[in-house]
Amino acid sequence: METPVETTRERLLNVAEQRFGEGGYEGTSLRAITVAAAANIAAVNYHFGSKEALLRAAVARAMAPVNTERRRRLDQLEAGAPPTPEALIRAFVEPGLELVLRRGERGAVIARFIGRIAFDPSRRIRELYAVESEPIESRYLAALQQALPQASPEAVAFGYMNMLGLLALHQSQALSPTPGAAGVRDSEDPSKLAGNLVAFLVAAFDHGLRS
């Protein structure tokens, strides 16, 4: 059974995800979060220390499952024969989509939150996101460069950045409530979306590196 302290902390994190996702970091006041979470500033200071620390904790919690699964898959790939670009792309993309697709309504909240923070106008806020995402993303970029020795590091990095952007787009639209909008609600199978996206990215890498 959760203690009251644990319940307050989780409530603050849940509201922070939602409010930061809707209004961004600068557009969301700490007071708005505490009121919605039925808490107070003292509770934020006790559990996190500051508004920025609350954001860091929310990003860390949201990214933990996908980072863990990406790391597990990459470790597995690197333990065998040299992985192909397709295997690396699949190991990166599928956990990112599952972060959204396998968590019901909370998936939409996480998608908005991560998308807003990852592309926040403030460099400082983007850096906070990078603290959680960059270590494993750097490993994947290095692995892709090894799997594509015929391409320059700059070309692979360009393709990789486009992969990140396209994945973020699908994450944010996958649970779109708009009738007829492209997304998982209009798709027969969430895994089919992942397969289609992987196939597209493999083709894009191949075409881009040959042209």
# chains A, B, ... in the order shown; residues from 1 in each chain; ligands from 1
>>> residues_around(residues="Leu144 (chain A)", least_positions_apart="3", cutoff="8 Å", atoms="only C-alpha atoms", output="PDB file with all heavy atoms, in the first residue's frame")
ATOM      1  N   PRO A  85      21.411  -2.206 -40.288  1.00  0.00           N
ATOM      2  CA  PRO A  85      20.704  -0.938 -40.043  1.00  0.00           C
ATOM      3  C   PRO A  85      19.232  -1.167 -39.708  1.00  0.00           C
ATOM      4  O   PRO A  85      18.689  -0.512 -38.811  1.00  0.00           O
ATOM      5  CB  PRO A  85      20.875  -0.177 -41.355  1.00  0.00           C
ATOM      6  CG  PRO A  85      22.165  -0.698 -41.915  1.00  0.00           C
ATOM      7  CD  PRO A  85      22.178  -2.156 -41.554  1.00  0.00           C
ATOM      8  N   LEU A  88      18.783  -2.239 -36.110  1.00  0.00           N
ATOM      9  CA  LEU A  88      19.015  -1.128 -35.197  1.00  0.00           C
ATOM     10  C   LEU A  88      17.844  -0.155 -35.204  1.00  0.00           C
ATOM     11  O   LEU A  88      17.414   0.322 -34.142  1.00  0.00           O
ATOM     12  CB  LEU A  88      20.306  -0.399 -35.582  1.00  0.00           C
ATOM     13  CG  LEU A  88      21.601  -1.168 -35.334  1.00  0.00           C
ATOM     14  CD1 LEU A  88      22.772  -0.483 -36.035  1.00  0.00           C
ATOM     15  CD2 LEU A  88      21.879  -1.279 -33.836  1.00  0.00           C
ATOM     16  N   TYR A 140      23.042   4.359 -30.125  1.00  0.00           N
ATOM     17  CA  TYR A 140      22.388   3.943 -31.374  1.00  0.00           C
ATOM     18  C   TYR A 140      23.002   4.650 -32.578  1.00  0.00           C
ATOM     19  O   TYR A 140      23.183   4.045 -33.641  1.00  0.00           O
ATOM     20  CB  TYR A 140      20.885   4.218 -31.307  1.00  0.00           C
ATOM     21  CG  TYR A 140      20.092   3.059 -30.752  1.00  0.00           C
ATOM     22  CD1 TYR A 140      19.815   2.967 -29.395  1.00  0.00           C
ATOM     23  CD2 TYR A 140      19.648   2.034 -31.578  1.00  0.00           C
ATOM     24  CE1 TYR A 140      19.107   1.897 -28.875  1.00  0.00           C
ATOM     25  CE2 TYR A 140      18.926   0.961 -31.068  1.00  0.00           C
ATOM     26  CZ  TYR A 140      18.664   0.904 -29.719  1.00  0.00           C
ATOM     27  OH  TYR A 140      17.968  -0.177 -29.211  1.00  0.00           O
ATOM     28  N   LEU A 141      23.313   5.928 -32.438  1.00  0.00           N
ATOM     29  CA  LEU A 141      23.931   6.651 -33.543  1.00  0.00           C
ATOM     30  C   LEU A 141      25.276   6.033 -33.890  1.00  0.00           C
ATOM     31  O   LEU A 141      25.589   5.812 -35.071  1.00  0.00           O
ATOM     32  CB  LEU A 141      24.100   8.127 -33.177  1.00  0.00           C
ATOM     33  CG  LEU A 141      24.853   8.996 -34.200  1.00  0.00           C
ATOM     34  CD1 LEU A 141      24.184   8.926 -35.566  1.00  0.00           C
ATOM     35  CD2 LEU A 141      24.946  10.430 -33.698  1.00  0.00           C
ATOM     36  N   ALA A 147      27.276   0.326 -38.773  1.00  0.00           N
ATOM     37  CA  ALA A 147      26.526  -0.539 -39.680  1.00  0.00           C
ATOM     38  C   ALA A 147      26.452   0.042 -41.089  1.00  0.00           C
ATOM     39  O   ALA A 147      26.060  -0.664 -42.029  1.00  0.00           O
ATOM     40  CB  ALA A 147      25.114  -0.753 -39.139  1.00  0.00           C
ATOM     41  N   LEU A 148      26.804   1.310 -41.239  1.00  0.00           N
ATOM     42  CA  LEU A 148      26.766   1.982 -42.543  1.00  0.00           C
ATOM     43  C   LEU A 148      28.141   2.585 -42.839  1.00  0.00           C
ATOM     44  O   LEU A 148      28.293   3.803 -42.970  1.00  0.00           O
ATOM     45  CB  LEU A 148      25.691   3.072 -42.542  1.00  0.00           C
ATOM     46  CG  LEU A 148      24.244   2.590 -42.394  1.00  0.00           C
ATOM     47  CD1 LEU A 148      23.334   3.728 -41.988  1.00  0.00           C
ATOM     48  CD2 LEU A 148      23.771   1.957 -43.705  1.00  0.00           C
ATOM     49  N   VAL A 156      25.000   9.938 -41.819  1.00  0.00           N
ATOM     50  CA  VAL A 156      24.253   9.072 -40.907  1.00  0.00           C
ATOM     51  C   VAL A 156      23.592   9.907 -39.811  1.00  0.00           C
ATOM     52  O   VAL A 156      22.442   9.677 -39.442  1.00  0.00           O
ATOM     53  CB  VAL A 156      25.169   7.994 -40.303  1.00  0.00           C
ATOM     54  CG1 VAL A 156      24.389   7.139 -39.295  1.00  0.00           C
ATOM     55  CG2 VAL A 156      25.754   7.112 -41.388  1.00  0.00           C
TER      56      VAL A 156
END
>>> residues_around(residues="region 58-62 of chain A", least_positions_apart="4", cutoff="7 Å", atoms="only C-alpha atoms", output="VMD selection string")
chain A and resid 13 16 to 17 54 110 129 132
>>> write_last_selection(atoms="C-alpha atoms", output="mmCIF file, in the first residue's frame")
data_model
loop_
_atom_site.group_PDB
_atom_site.id
_atom_site.type_symbol
_atom_site.label_atom_id
_atom_site.label_comp_id
_atom_site.auth_asym_id
_atom_site.auth_seq_id
_atom_site.Cartn_x
_atom_site.Cartn_y
_atom_site.Cartn_z
ATOM 1 C CA LEU A 13 4.411 14.021 -11.351
ATOM 2 C CA ALA A 16 3.332 17.983 -14.181
ATOM 3 C CA GLU A 17 3.337 15.660 -17.211
ATOM 4 C CA LEU A 54 10.109 18.455 -10.852
ATOM 5 C CA ILE A 110 3.274 11.143 -22.226
ATOM 6 C CA TYR A 129 15.466 16.198 -21.806
ATOM 7 C CA GLU A 132 17.733 11.308 -20.066
#
>>> select_by_dssp(residues="region 16-160 of chain A", states="alpha helix (DSSP H)", output="short mmCIF file (atom, residue, chain, number, x, y, z; two decimals) with N, CA, C and O atoms, in the first residue's frame")
data_model
loop_
_atom_site.label_atom_id
_atom_site.label_comp_id
_atom_site.auth_asym_id
_atom_site.auth_seq_id
_atom_site.Cartn_x
_atom_site.Cartn_y
_atom_site.Cartn_z
N ALA A 16 2.25 17.31 -13.47
CA ALA A 16 3.33 17.98 -14.18
C ALA A 16 3.42 17.50 -15.62
O ALA A 16 3.59 18.31 -16.55
N GLU A 17 3.33 16.20 -15.84
CA GLU A 17 3.34 15.66 -17.21
C GLU A 17 2.25 16.31 -18.05
O GLU A 17 2.49 16.74 -19.18
N GLN A 18 1.05 16.36 -17.48
CA GLN A 18 -0.09 16.88 -18.25
C GLN A 18 0.05 18.38 -18.51
O GLN A 18 -0.10 18.83 -19.65
N ARG A 19 0.38 19.15 -17.48
CA ARG A 19 0.43 20.60 -17.64
C ARG A 19 1.63 21.04 -18.47
O ARG A 19 1.51 21.95 -19.30
N PHE A 20 2.79 20.46 -18.25
CA PHE A 20 3.95 20.80 -19.07
C PHE A 20 3.71 20.41 -20.52
O PHE A 20 4.15 21.11 -21.44
N GLY A 21 3.03 19.30 -20.75
CA GLY A 21 2.73 18.87 -22.11
C GLY A 21 1.78 19.81 -22.82
O GLY A 21 1.88 20.02 -24.02
N GLU A 22 0.86 20.40 -22.07
CA GLU A 22 -0.12 21.30 -22.66
C GLU A 22 0.42 22.72 -22.83
O GLU A 22 0.18 23.36 -23.85
N GLY A 23 1.14 23.22 -21.84
CA GLY A 23 1.55 24.62 -21.87
C GLY A 23 3.03 24.87 -21.96
O GLY A 23 3.45 26.04 -22.03
N LEU A 30 4.12 26.85 -11.31
CA LEU A 30 4.17 25.84 -10.26
C LEU A 30 2.88 25.85 -9.46
O LEU A 30 2.40 24.79 -9.03
N ARG A 31 2.30 27.01 -9.30
CA ARG A 31 1.03 27.10 -8.58
C ARG A 31 -0.07 26.32 -9.30
O ARG A 31 -0.88 25.63 -8.66
N ALA A 32 -0.11 26.41 -10.63
CA ALA A 32 -1.13 25.68 -11.38
C ALA A 32 -0.99 24.17 -11.16
O ALA A 32 -1.98 23.44 -11.06
N ILE A 33 0.25 23.71 -11.09
CA ILE A 33 0.50 22.29 -10.86
C ILE A 33 0.07 21.88 -9.46
O ILE A 33 -0.61 20.87 -9.26
N THR A 34 0.46 22.68 -8.47
CA THR A 34 0.13 22.30 -7.10
C THR A 34 -1.37 22.35 -6.84
O THR A 34 -1.90 21.48 -6.14
N VAL A 35 -2.07 23.32 -7.41
CA VAL A 35 -3.52 23.39 -7.24
C VAL A 35 -4.19 22.17 -7.85
O VAL A 35 -5.05 21.52 -7.23
N ALA A 36 -3.78 21.80 -9.08
CA ALA A 36 -4.38 20.65 -9.74
C ALA A 36 -4.04 19.35 -9.03
O ALA A 36 -4.82 18.38 -9.08
N ILE A 41 3.29 24.34 -2.52
CA ILE A 41 4.68 24.57 -2.91
C ILE A 41 5.64 23.83 -1.99
O ILE A 41 6.67 23.32 -2.42
N ALA A 42 5.27 23.75 -0.73
CA ALA A 42 6.13 23.04 0.23
C ALA A 42 6.30 21.58 -0.17
O ALA A 42 7.37 21.00 0.00
N ALA A 43 5.25 20.98 -0.71
CA ALA A 43 5.33 19.58 -1.14
C ALA A 43 6.29 19.43 -2.32
O ALA A 43 7.05 18.46 -2.39
N VAL A 44 6.26 20.39 -3.25
CA VAL A 44 7.19 20.36 -4.37
C VAL A 44 8.62 20.48 -3.87
O VAL A 44 9.52 19.74 -4.28
N ASN A 45 8.83 21.42 -2.97
CA ASN A 45 10.17 21.61 -2.43
C ASN A 45 10.65 20.38 -1.67
O ASN A 45 11.83 20.01 -1.74
N TYR A 46 9.75 19.74 -0.96
CA TYR A 46 10.11 18.55 -0.19
C TYR A 46 10.48 17.39 -1.09
O TYR A 46 11.50 16.72 -0.88
N HIS A 47 9.67 17.13 -2.10
CA HIS A 47 9.88 15.96 -2.95
C HIS A 47 10.91 16.19 -4.05
O HIS A 47 11.61 15.26 -4.46
N LYS A 51 10.87 23.75 -9.33
CA LYS A 51 10.08 23.48 -10.52
C LYS A 51 10.92 22.73 -11.55
O LYS A 51 10.47 21.78 -12.19
N GLU A 52 12.17 23.15 -11.75
CA GLU A 52 13.03 22.50 -12.72
C GLU A 52 13.32 21.06 -12.32
O GLU A 52 13.35 20.17 -13.17
N ALA A 53 13.52 20.84 -11.04
CA ALA A 53 13.77 19.48 -10.57
C ALA A 53 12.54 18.61 -10.74
O ALA A 53 12.65 17.41 -11.03
N LEU A 54 11.35 19.19 -10.59
CA LEU A 54 10.11 18.45 -10.85
C LEU A 54 10.05 18.04 -12.32
O LEU A 54 9.68 16.91 -12.64
N LEU A 55 10.41 18.96 -13.21
CA LEU A 55 10.44 18.63 -14.63
C LEU A 55 11.43 17.49 -14.90
O LEU A 55 11.10 16.55 -15.63
N ARG A 56 12.62 17.57 -14.33
CA ARG A 56 13.62 16.51 -14.54
C ARG A 56 13.09 15.16 -14.08
O ARG A 56 13.27 14.15 -14.76
N ALA A 57 12.43 15.14 -12.94
CA ALA A 57 11.89 13.89 -12.41
C ALA A 57 10.79 13.35 -13.32
O ALA A 57 10.69 12.13 -13.53
N ALA A 58 9.96 14.24 -13.86
CA ALA A 58 8.88 13.80 -14.75
C ALA A 58 9.46 13.24 -16.05
O ALA A 58 8.97 12.21 -16.56
N VAL A 59 10.48 13.89 -16.60
CA VAL A 59 11.12 13.38 -17.82
C VAL A 59 11.77 12.03 -17.55
O VAL A 59 11.63 11.10 -18.35
N ALA A 60 12.47 11.92 -16.42
CA ALA A 60 13.14 10.66 -16.09
C ALA A 60 12.15 9.53 -15.97
O ALA A 60 12.38 8.42 -16.46
N ARG A 61 11.02 9.79 -15.32
CA ARG A 61 10.01 8.74 -15.16
C ARG A 61 9.39 8.35 -16.50
O ARG A 61 9.19 7.17 -16.78
N ALA A 62 9.08 9.35 -17.32
CA ALA A 62 8.45 9.06 -18.61
C ALA A 62 9.38 8.30 -19.54
O ALA A 62 8.94 7.41 -20.29
N MET A 63 10.68 8.63 -19.51
CA MET A 63 11.63 8.01 -20.44
C MET A 63 12.22 6.70 -19.95
O MET A 63 12.80 5.95 -20.73
N ALA A 64 12.09 6.40 -18.67
CA ALA A 64 12.73 5.21 -18.12
C ALA A 64 12.34 3.92 -18.84
O ALA A 64 13.23 3.12 -19.19
N PRO A 65 11.05 3.66 -19.11
CA PRO A 65 10.71 2.40 -19.77
C PRO A 65 11.30 2.26 -21.17
O PRO A 65 11.82 1.20 -21.53
N VAL A 66 11.24 3.33 -21.97
CA VAL A 66 11.75 3.25 -23.33
C VAL A 66 13.27 3.16 -23.34
O VAL A 66 13.87 2.40 -24.12
N ASN A 67 13.94 3.90 -22.45
CA ASN A 67 15.39 3.82 -22.38
C ASN A 67 15.84 2.42 -21.97
O ASN A 67 16.82 1.89 -22.52
N THR A 68 15.15 1.84 -21.01
CA THR A 68 15.50 0.49 -20.54
C THR A 68 15.35 -0.54 -21.65
O THR A 68 16.22 -1.39 -21.86
N GLU A 69 14.24 -0.44 -22.39
CA GLU A 69 14.00 -1.41 -23.46
C GLU A 69 14.95 -1.19 -24.63
O GLU A 69 15.45 -2.16 -25.22
N ARG A 70 15.24 0.05 -24.97
CA ARG A 70 16.20 0.31 -26.06
C ARG A 70 17.59 -0.20 -25.68
O ARG A 70 18.28 -0.80 -26.50
N ARG A 71 17.97 0.00 -24.45
CA ARG A 71 19.28 -0.48 -23.99
C ARG A 71 19.35 -2.01 -24.02
O ARG A 71 20.34 -2.60 -24.46
N ARG A 72 18.27 -2.64 -23.57
CA ARG A 72 18.23 -4.11 -23.58
C ARG A 72 18.36 -4.65 -25.00
O ARG A 72 19.12 -5.60 -25.25
N ARG A 73 17.62 -4.06 -25.93
CA ARG A 73 17.65 -4.54 -27.32
C ARG A 73 19.02 -4.30 -27.96
O ARG A 73 19.51 -5.15 -28.70
N LEU A 74 19.60 -3.15 -27.68
CA LEU A 74 20.90 -2.86 -28.27
C LEU A 74 21.98 -3.78 -27.69
O LEU A 74 22.84 -4.28 -28.43
N ASP A 75 21.93 -4.02 -26.40
CA ASP A 75 22.88 -4.96 -25.78
C ASP A 75 22.77 -6.33 -26.44
O ASP A 75 23.78 -6.98 -26.72
N GLN A 76 21.54 -6.75 -26.68
CA GLN A 76 21.30 -8.05 -27.29
C GLN A 76 21.84 -8.09 -28.72
O GLN A 76 22.48 -9.07 -29.13
N LEU A 77 21.61 -7.03 -29.48
CA LEU A 77 22.10 -6.98 -30.85
C LEU A 77 23.62 -6.98 -30.90
O LEU A 77 24.23 -7.69 -31.71
N GLU A 78 24.25 -6.21 -30.05
CA GLU A 78 25.70 -6.09 -30.07
C GLU A 78 26.40 -7.32 -29.53
O GLU A 78 27.61 -7.47 -29.72
N PRO A 85 21.41 -2.21 -40.29
CA PRO A 85 20.70 -0.94 -40.04
C PRO A 85 19.23 -1.17 -39.71
O PRO A 85 18.69 -0.51 -38.81
N GLU A 86 18.59 -2.11 -40.42
CA GLU A 86 17.17 -2.36 -40.14
C GLU A 86 16.96 -2.85 -38.72
O GLU A 86 16.02 -2.41 -38.03
N ALA A 87 17.80 -3.74 -38.24
CA ALA A 87 17.65 -4.25 -36.88
C ALA A 87 17.83 -3.13 -35.86
O ALA A 87 17.11 -3.06 -34.85
N LEU A 88 18.78 -2.24 -36.11
CA LEU A 88 19.01 -1.13 -35.20
C LEU A 88 17.84 -0.16 -35.20
O LEU A 88 17.41 0.32 -34.14
N ILE A 89 17.34 0.14 -36.38
CA ILE A 89 16.20 1.07 -36.48
C ILE A 89 14.99 0.48 -35.78
O ILE A 89 14.28 1.17 -35.03
N ARG A 90 14.74 -0.81 -35.98
CA ARG A 90 13.60 -1.46 -35.33
C ARG A 90 13.75 -1.44 -33.81
O ARG A 90 12.79 -1.16 -33.08
N ALA A 91 14.96 -1.72 -33.33
CA ALA A 91 15.20 -1.75 -31.89
C ALA A 91 15.03 -0.38 -31.26
O ALA A 91 14.72 -0.27 -30.07
N PHE A 92 15.21 0.66 -32.05
CA PHE A 92 15.04 2.02 -31.54
C PHE A 92 13.59 2.48 -31.64
O PHE A 92 13.05 3.07 -30.69
N VAL A 93 12.95 2.21 -32.76
CA VAL A 93 11.61 2.74 -33.03
C VAL A 93 10.54 2.04 -32.21
O VAL A 93 9.66 2.70 -31.63
N GLU A 94 10.58 0.72 -32.15
CA GLU A 94 9.49 0.00 -31.49
C GLU A 94 9.29 0.39 -30.03
O GLU A 94 8.16 0.64 -29.61
N PRO A 95 10.35 0.49 -29.22
CA PRO A 95 10.11 0.93 -27.84
C PRO A 95 9.56 2.34 -27.75
O PRO A 95 8.77 2.65 -26.85
N GLY A 96 9.95 3.21 -28.68
CA GLY A 96 9.44 4.57 -28.67
C GLY A 96 7.95 4.62 -28.94
O GLY A 96 7.22 5.40 -28.32
N LEU A 97 7.47 3.79 -29.86
CA LEU A 97 6.04 3.74 -30.14
C LEU A 97 5.28 3.05 -29.02
O LEU A 97 4.18 3.45 -28.65
N GLU A 98 5.87 2.00 -28.47
CA GLU A 98 5.21 1.27 -27.39
C GLU A 98 5.03 2.14 -26.15
O GLU A 98 4.09 1.95 -25.38
N LEU A 99 5.91 3.10 -25.97
CA LEU A 99 5.78 4.04 -24.86
C LEU A 99 4.42 4.70 -24.90
O LEU A 99 3.80 4.97 -23.86
N VAL A 100 3.93 4.96 -26.10
CA VAL A 100 2.65 5.62 -26.29
C VAL A 100 1.51 4.63 -26.46
O VAL A 100 0.46 4.75 -25.84
N LEU A 101 1.73 3.61 -27.28
CA LEU A 101 0.64 2.75 -27.70
C LEU A 101 0.16 1.78 -26.64
O LEU A 101 -0.99 1.34 -26.68
N GLY A 104 -2.61 3.25 -22.96
CA GLY A 104 -3.93 3.82 -22.93
C GLY A 104 -3.93 5.34 -22.97
O GLY A 104 -3.14 5.96 -23.68
N GLU A 105 -4.83 5.94 -22.20
CA GLU A 105 -4.95 7.39 -22.19
C GLU A 105 -3.66 8.05 -21.70
O GLU A 105 -3.32 9.14 -22.14
N ARG A 106 -2.97 7.41 -20.80
CA ARG A 106 -1.71 7.98 -20.29
C ARG A 106 -0.68 8.09 -21.41
O ARG A 106 0.18 8.96 -21.38
N GLY A 107 -0.78 7.22 -22.40
CA GLY A 107 0.15 7.29 -23.52
C GLY A 107 0.07 8.62 -24.24
O GLY A 107 1.09 9.18 -24.65
N ALA A 108 -1.15 9.14 -24.41
CA ALA A 108 -1.32 10.43 -25.09
C ALA A 108 -0.71 11.56 -24.27
O ALA A 108 -0.10 12.48 -24.82
N VAL A 109 -0.86 11.48 -22.95
CA VAL A 109 -0.28 12.50 -22.07
C VAL A 109 1.24 12.48 -22.18
O VAL A 109 1.90 13.52 -22.30
N ILE A 110 1.82 11.28 -22.14
CA ILE A 110 3.27 11.14 -22.23
C ILE A 110 3.78 11.66 -23.57
O ILE A 110 4.80 12.34 -23.64
N ALA A 111 3.06 11.32 -24.64
CA ALA A 111 3.48 11.75 -25.98
C ALA A 111 3.52 13.27 -26.08
O ALA A 111 4.48 13.85 -26.59
N ARG A 112 2.48 13.93 -25.59
CA ARG A 112 2.46 15.40 -25.63
C ARG A 112 3.58 15.98 -24.77
O ARG A 112 4.25 16.93 -25.17
N PHE A 113 3.77 15.40 -23.61
CA PHE A 113 4.78 15.90 -22.68
C PHE A 113 6.18 15.79 -23.26
O PHE A 113 6.93 16.77 -23.33
N ILE A 114 6.54 14.59 -23.71
CA ILE A 114 7.88 14.37 -24.26
C ILE A 114 8.10 15.21 -25.51
O ILE A 114 9.16 15.81 -25.71
N GLY A 115 7.09 15.25 -26.39
CA GLY A 115 7.22 16.03 -27.61
C GLY A 115 7.42 17.51 -27.31
O GLY A 115 8.23 18.19 -27.97
N ARG A 116 6.70 18.03 -26.33
CA ARG A 116 6.80 19.46 -25.99
C ARG A 116 8.16 19.78 -25.39
O ARG A 116 8.78 20.80 -25.73
N ILE A 117 8.63 18.92 -24.50
CA ILE A 117 9.90 19.19 -23.83
C ILE A 117 11.09 18.98 -24.77
O ILE A 117 12.05 19.74 -24.77
N ALA A 118 11.02 17.93 -25.59
CA ALA A 118 12.13 17.63 -26.50
C ALA A 118 12.37 18.75 -27.50
O ALA A 118 13.51 18.96 -27.95
N ARG A 123 16.74 26.31 -24.81
CA ARG A 123 17.85 25.36 -24.90
C ARG A 123 18.04 24.62 -23.58
O ARG A 123 18.34 23.43 -23.57
N ARG A 124 17.85 25.33 -22.48
CA ARG A 124 18.02 24.73 -21.16
C ARG A 124 17.05 23.57 -20.96
O ARG A 124 17.42 22.51 -20.45
N ILE A 125 15.81 23.75 -21.37
CA ILE A 125 14.81 22.70 -21.21
C ILE A 125 15.12 21.51 -22.12
O ILE A 125 15.00 20.35 -21.72
N ARG A 126 15.56 21.79 -23.34
CA ARG A 126 15.95 20.69 -24.24
C ARG A 126 17.12 19.92 -23.66
O ARG A 126 17.22 18.70 -23.82
N GLU A 127 18.03 20.63 -23.00
CA GLU A 127 19.17 19.96 -22.39
C GLU A 127 18.73 19.04 -21.25
O GLU A 127 19.31 17.97 -21.05
N LEU A 128 17.71 19.45 -20.50
CA LEU A 128 17.19 18.59 -19.44
C LEU A 128 16.64 17.29 -20.00
O LEU A 128 16.83 16.22 -19.42
N TYR A 129 15.96 17.40 -21.14
CA TYR A 129 15.47 16.20 -21.81
C TYR A 129 16.63 15.34 -22.30
O TYR A 129 16.62 14.11 -22.16
N ALA A 130 17.64 15.98 -22.84
CA ALA A 130 18.78 15.25 -23.39
C ALA A 130 19.54 14.47 -22.33
O ALA A 130 20.14 13.43 -22.63
N VAL A 131 19.51 14.94 -21.10
CA VAL A 131 20.18 14.22 -20.02
C VAL A 131 19.65 12.80 -19.92
O VAL A 131 20.39 11.85 -19.68
N GLU A 132 18.35 12.63 -20.15
CA GLU A 132 17.73 11.31 -20.07
C GLU A 132 17.83 10.52 -21.36
O GLU A 132 17.94 9.30 -21.34
N SER A 133 17.79 11.21 -22.50
CA SER A 133 17.73 10.51 -23.78
C SER A 133 19.08 10.33 -24.47
O SER A 133 19.30 9.36 -25.21
N GLU A 134 20.01 11.27 -24.25
CA GLU A 134 21.25 11.29 -25.03
C GLU A 134 22.15 10.07 -24.84
O GLU A 134 22.71 9.57 -25.84
N PRO A 135 22.33 9.54 -23.64
CA PRO A 135 23.25 8.40 -23.50
C PRO A 135 22.90 7.21 -24.40
O PRO A 135 23.77 6.69 -25.11
N ILE A 136 21.64 6.80 -24.40
CA ILE A 136 21.27 5.64 -25.22
C ILE A 136 21.16 6.04 -26.69
O ILE A 136 21.52 5.27 -27.59
N GLU A 137 20.72 7.27 -26.97
CA GLU A 137 20.63 7.71 -28.36
C GLU A 137 22.01 7.79 -29.00
O GLU A 137 22.18 7.46 -30.18
N SER A 138 23.01 8.21 -28.23
CA SER A 138 24.37 8.26 -28.75
C SER A 138 24.89 6.87 -29.10
O SER A 138 25.59 6.68 -30.10
N ARG A 139 24.52 5.88 -28.31
CA ARG A 139 24.93 4.50 -28.61
C ARG A 139 24.31 4.03 -29.92
O ARG A 139 24.97 3.35 -30.72
N TYR A 140 23.04 4.36 -30.13
CA TYR A 140 22.39 3.94 -31.37
C TYR A 140 23.00 4.65 -32.58
O TYR A 140 23.18 4.05 -33.64
N LEU A 141 23.31 5.93 -32.44
CA LEU A 141 23.93 6.65 -33.54
C LEU A 141 25.28 6.03 -33.89
O LEU A 141 25.59 5.81 -35.07
N ALA A 142 26.07 5.73 -32.88
CA ALA A 142 27.37 5.10 -33.13
C ALA A 142 27.21 3.74 -33.78
O ALA A 142 27.97 3.38 -34.70
N ALA A 143 26.21 2.97 -33.34
CA ALA A 143 25.98 1.65 -33.93
C ALA A 143 25.55 1.77 -35.39
O ALA A 143 25.96 0.96 -36.24
N LEU A 144 24.72 2.76 -35.69
CA LEU A 144 24.30 2.97 -37.08
C LEU A 144 25.48 3.38 -37.96
O LEU A 144 25.58 2.94 -39.12
N GLN A 145 26.35 4.20 -37.43
CA GLN A 145 27.52 4.60 -38.21
C GLN A 145 28.43 3.40 -38.50
O GLN A 145 29.00 3.29 -39.59
N GLN A 146 28.52 2.48 -37.56
CA GLN A 146 29.30 1.26 -37.80
C GLN A 146 28.61 0.35 -38.80
O GLN A 146 29.27 -0.33 -39.59
N ALA A 147 27.28 0.33 -38.77
CA ALA A 147 26.53 -0.54 -39.68
C ALA A 147 26.45 0.04 -41.09
O ALA A 147 26.06 -0.66 -42.03
N PRO A 153 29.94 9.99 -41.43
CA PRO A 153 29.27 10.19 -40.13
C PRO A 153 28.23 11.30 -40.19
O PRO A 153 27.18 11.21 -39.55
N GLU A 154 28.51 12.34 -40.98
CA GLU A 154 27.57 13.46 -41.09
C GLU A 154 26.27 13.02 -41.75
O GLU A 154 25.18 13.43 -41.34
N ALA A 155 26.39 12.17 -42.78
CA ALA A 155 25.19 11.70 -43.48
C ALA A 155 24.34 10.81 -42.57
O ALA A 155 23.11 10.91 -42.56
N VAL A 156 25.00 9.94 -41.82
CA VAL A 156 24.25 9.07 -40.91
C VAL A 156 23.59 9.91 -39.81
O VAL A 156 22.44 9.68 -39.44
N ALA A 157 24.31 10.89 -39.30
CA ALA A 157 23.75 11.75 -38.25
C ALA A 157 22.53 12.51 -38.78
O ALA A 157 21.54 12.70 -38.06
N PHE A 158 22.59 12.96 -40.04
CA PHE A 158 21.46 13.66 -40.64
C PHE A 158 20.25 12.73 -40.72
O PHE A 158 19.13 13.12 -40.36
N GLY A 159 20.46 11.51 -41.19
CA GLY A 159 19.36 10.55 -41.25
C GLY A 159 18.82 10.22 -39.87
O GLY A 159 17.61 10.07 -39.68
N TYR A 160 19.72 10.13 -38.91
CA TYR A 160 19.32 9.79 -37.55
C TYR A 160 18.44 10.89 -36.95
O TYR A 160 17.42 10.61 -36.32
#
>>> atom_distance(atom1="CA of Asn196 (chain A)", atom2="CA of Thr84 (chain A)")
17.4 Å
>>> residues_around(residues="His207 (chain A)", least_positions_apart="3", cutoff="12 Å", atoms="only C-alpha atoms", output="count of residues only")
11
>>> atom_distance(atom1="CA of Lys192 (chain A)", atom2="CA of Gln171 (chain A)")
14.2 Å
>>> atom_distance(atom1="CA of Asp120 (chain A)", atom2="CA of Arg9 (chain A)")
24.5 Å
>>> closest_residue(among="A:Ser122, A:Asn40, A:Asn14, A:Met163", to="Ala199 (chain A)", atoms="only C-alpha atoms")
A:Met163
